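Engineer: Next up is a structure, given as structure tokens.
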Amino acid sequence: MNSKTQMLIPKIERGIVIDHVPAGMGPKVLDLIRSFPGMDSVVVTLALNCVSTKLGKKDLLKLDIPEFPPSLLDRISLVAPGVTIKRISNFVVDKKYKIEPPERIENLARCRNPNCVTNTEPSVPTAFVRLDKTSRSFRCEHCERVFLLDELAR
Amino acid sequence: MKRNLISMNDLTFDEIDKYLSLAQQVDSLPPEEKLALLKGRILAVLFYEPSTRTRLSFESAMYRLGGNVLGFSESFSTSVAKGESLADTVRTIEQYADVMVIRHPRDGAARLAADCTRIPVINAGDGTNQHPTQTLLDLLTIRKLFGHIDGLSIAFAGDLKYSRTVHSLIQALLKFKNVSFTLVSPESLRLPAYLKPPPPSSAFRETSDILDAIHSCDLVYMTRIQKERFADLVEFEKVKNSYCIDAAMLASAPDHLRVLHPLPRVNEIATSVDTTPHAAYFQQVGAGVAIRQAVLLDLLEVRT
């Protein structure tokens, strides 16, 4: 982050930073956070179109919370896999990890096949399994259709 | 732990081979010996969609093994018409039977049914997804016709988009060695991409020329263009007569070419084909009872 960006988004003493969010996806990640139980009153800073050596441009979020709820991480991994989570303590990063697409997505996405039984029968949980380690394609466990992660996250 | 037969995706090559062998073994047993195998067992048939061959061959399979059958073939005469969920229907019927076979218009319905019950579930067709017992009988027929399945060149013609028999059979054939596929369909009814192996596989070839397939393949698997799968009947009218074969078209075909069809047919195979040596679709129907007996015996863990 260059000095001009640092002036716009000051360092935080403690909290969570969601870094390397692809440019344009920041508002979507913010929506997910705000809709998560207990997160609607958390102080959040959203920065758009920051300069990034990795991505060219990126979005960035800073949250005034001590830890990130694991099930919220799963949701974010659907819309923005590859983002970095940094935990800040005394202005320095004391924990850092990258969110990868999950191997199995349970009850976080609706099947995009309108004829899938999960869309027509009441209260049927959904599950999608990643085809292989390097893939972003997922198979619906019920109708067996294959979808890209982006399609499921829509 | 109870087992089910829901999708060809769930079966290994060895498991497929075991079903084919068991079907041939059961077929060769004397009728009176078969009648003792499932005595006292009950099969529940839950058919939410019309069927002739699948339902009746399941019932015949069960009766000829000494078992009994209950169930329905029109959901409007059951509590389904009152709005009962599939899960509740399945949980109710499991109290009355030892094994269940289900046909349903929704993709994934058989998987959902299997998740809701402690008794084995057999998928007799779920929407446009899978029809595993049809696939097993198709494979048994092909093995009987050619003596092997590996290395065959097989054409699929007609509705490759919505046909669950095609989807199931292609997934199964991909578990055999060096099977090559020729896909013949109108643009709007092509095989979905997710059913093809990823590049650089060259096993699949697409053409719109049915004569090309007739002259270059060992087997042509015809399908009906399924009116019931079209939301827009104008689209159905555009493609309904896309591929029809008759005896004259087969006159120059190689002698060993065989034509299969899961049936029912409408007009895609003219009746003039029935008396040619190429027609194998009634022989195909004949494999249905033995395959379904093999599946019932396996899932109910009865040894022959």
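Ordering of the structure tokens sets the chain letters (A, B, ...), residue numbers begin anew at 1 in every chain, and ligands are numbered from 1 in the order given.
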Taking only C-alpha atoms into account, what are the residues of chain B at most 8 Å from chain A, put as a VMD selection string?
Structural biologist: chain B and resid 85 to 86 106 to 109 111 to 112 127 129 194
Engineer: Convert the current residue selection to file output with C-alpha atoms, as a tab-separated table (two decimals), in the first residue's frame.
Structural biologist:
```
chain	number	residue	atom	x	y	z
B	85	SER	CA	-43.53	-33.67	0.13
B	86	LEU	CA	-41.40	-36.37	-1.46
B	106	ARG	CA	-37.14	-33.75	-10.87
B	107	ASP	CA	-33.38	-34.17	-11.22
B	108	GLY	CA	-31.96	-35.57	-7.99
B	109	ALA	CA	-35.27	-36.87	-6.61
B	111	ARG	CA	-30.93	-39.17	-4.25
B	112	LEU	CA	-33.22	-37.18	-1.97
B	127	GLY	CA	-35.79	-35.91	-14.56
B	129	ASN	CA	-30.37	-36.86	-14.94
B	194	TYR	CA	-20.47	-31.28	-18.20
```
Engineer: If you count only C-alpha atoms, which residues fall within 8 Å of region 90-97 of chain B, apart from same-chain ones fewer than 6 positions away, as a ChimeraX atom specification?
Structural biologist: /B:41-44,113,116-119
Engineer: Go ahead and compute the interatomic distance for CA of Arg75 (chain A) and CA of Ala153 (chain A), in Å to one decimal.
Structural biologist: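 Distance between the two atoms: 8.7 Å.
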Engineer: Name all residues at most 8 Å from region 64-72 of chain B (count only C-alpha atoms; drop same-chain ones fewer than 5 positions away) and give them as a PyMOL selection string.
Structural biologist: chain B and resi 31+34-47+59+77-78+293
Engineer: Counting only C-alpha atoms, figure out which residue out of B:Thr275, B:Ser180, B:Thr54, B:Thr223 gets nearest to Phe156 (chain B).
Structural biologist: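 Ranked by minimum distance to Phe156 (chain B), first place goes to B:Thr223.
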Engineer: Compile the contact shell of Ile291 (chain B) as a PyMOL selection string: residues with an atom at most 6 Å away, counting only C-alpha atoms, same-chain residues fewer than 3 positions apart removed.
Structural biologist: chain B and resi 23+137+288+294
Engineer: Contacts of Gly38 (chain A) at 12 Å or less, counting only C-alpha atoms, minus same-chain residues fewer than 6 places along, as a list in words?
Structural biologist: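 Non-adjacent residues within range: Leu32, Ile65, Phe68, Pro69 and Leu72 of chain A.
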Engineer: Write the residues you've just listed into a file as a PDB file, in the first residue's frame, and include N, CA and C atoms for each of them.
Structural biologist:
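Wrote again-v4.pdb, looks like this:
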```pdb
ATOM      1  N   LEU A  32     -22.242  -9.471   2.346  1.00  0.00           N
ATOM      2  CA  LEU A  32     -22.238 -10.763   3.044  1.00  0.00           C
ATOM      3  C   LEU A  32     -21.969 -10.577   4.523  1.00  0.00           C
ATOM      4  N   ILE A  65     -13.197  -6.269  14.666  1.00  0.00           N
ATOM      5  CA  ILE A  65     -13.589  -7.486  15.416  1.00  0.00           C
ATOM      6  C   ILE A  65     -12.306  -8.262  15.728  1.00  0.00           C
ATOM      7  N   PHE A  68     -12.559 -13.712  13.036  1.00  0.00           N
ATOM      8  CA  PHE A  68     -13.524 -13.802  11.960  1.00  0.00           C
ATOM      9  C   PHE A  68     -14.344 -15.081  12.143  1.00  0.00           C
ATOM     10  N   PRO A  69     -15.685 -15.021  12.140  1.00  0.00           N
ATOM     11  CA  PRO A  69     -16.464 -16.266  12.298  1.00  0.00           C
ATOM     12  C   PRO A  69     -16.174 -17.241  11.153  1.00  0.00           C
ATOM     13  N   LEU A  72     -18.619 -17.510   8.303  1.00  0.00           N
ATOM     14  CA  LEU A  72     -18.622 -16.340   7.416  1.00  0.00           C
ATOM     15  C   LEU A  72     -17.490 -16.460   6.389  1.00  0.00           C
TER      16      LEU A  72
END
```
Engineer: For each of B:Asp138, B:Glu228, B:Asp212, B:Glu187, take the minimum atom-to-atom distance to Pro50 (chain B), counting only C-alpha atoms, then give the residue where this is smallest.
Structural biologist: B:Glu228
Engineer: As a PyMOL selection string, please: all residues of chain A that backbone DSSP puts in strand (DSSP E).
Structural biologist: chain A and resi 14-22+44-52+56-63+84-89+92-98+104-106+127-130+137-140+146-148
Engineer: Just want the 6 Å neighbourhood of Leu61 (chain A), counted on only C-alpha atoms, with same-chain residues fewer than 5 positions away dropped. Output as number ranges by chain.
Structural biologist: A: 17-18, 45-46
Engineer: Taking the chain letters and numbering used in this document, name the residues of chain A that DSSP puts in alpha helix (DSSP H), as number ranges by chain.
Structural biologist: A: 3-8, 26-35, 70-79, 117-120, 149-153
Engineer: Restricting the calculation to only C-alpha atoms: of B:Ala203, B:Ala213, B:Ala172, B:Val121, which residue gets closest to Val184 (chain B)?
Structural biologist: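 With only C-alpha atoms as the atom set, the closest residue is B:Ala213.
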Engineer: Kindly indicate which residue among B:Ser185, B:Ser202, B:Ser216, B:Thr165 lies nearest to Leu263 (chain B), using only C-alpha atoms for the distances.
Structural biologist: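 Closest to Leu263 (chain B) of all the choices is B:Thr165.
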Engineer: Would you kindly return, as number ranges by chain, each protein, DNA or RNA residue with an atom no farther than 12 Å from any atom of Ala279 (chain B), considering only C-alpha atoms and excluding same-chain residues fewer than 5 positions away?
Structural biologist: B: 145, 219-222, 245-247, 250, 255-261, 269-274, 284-285
Engineer: Which one of B:Thr276, B:Ile16, B:Leu22, B:Ile170 sits closest to Val302 (chain B) if you count only C-alpha atoms?
Structural biologist: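 Residue with the minimum atom-to-atom distance to Val302 (chain B): B:Leu22.
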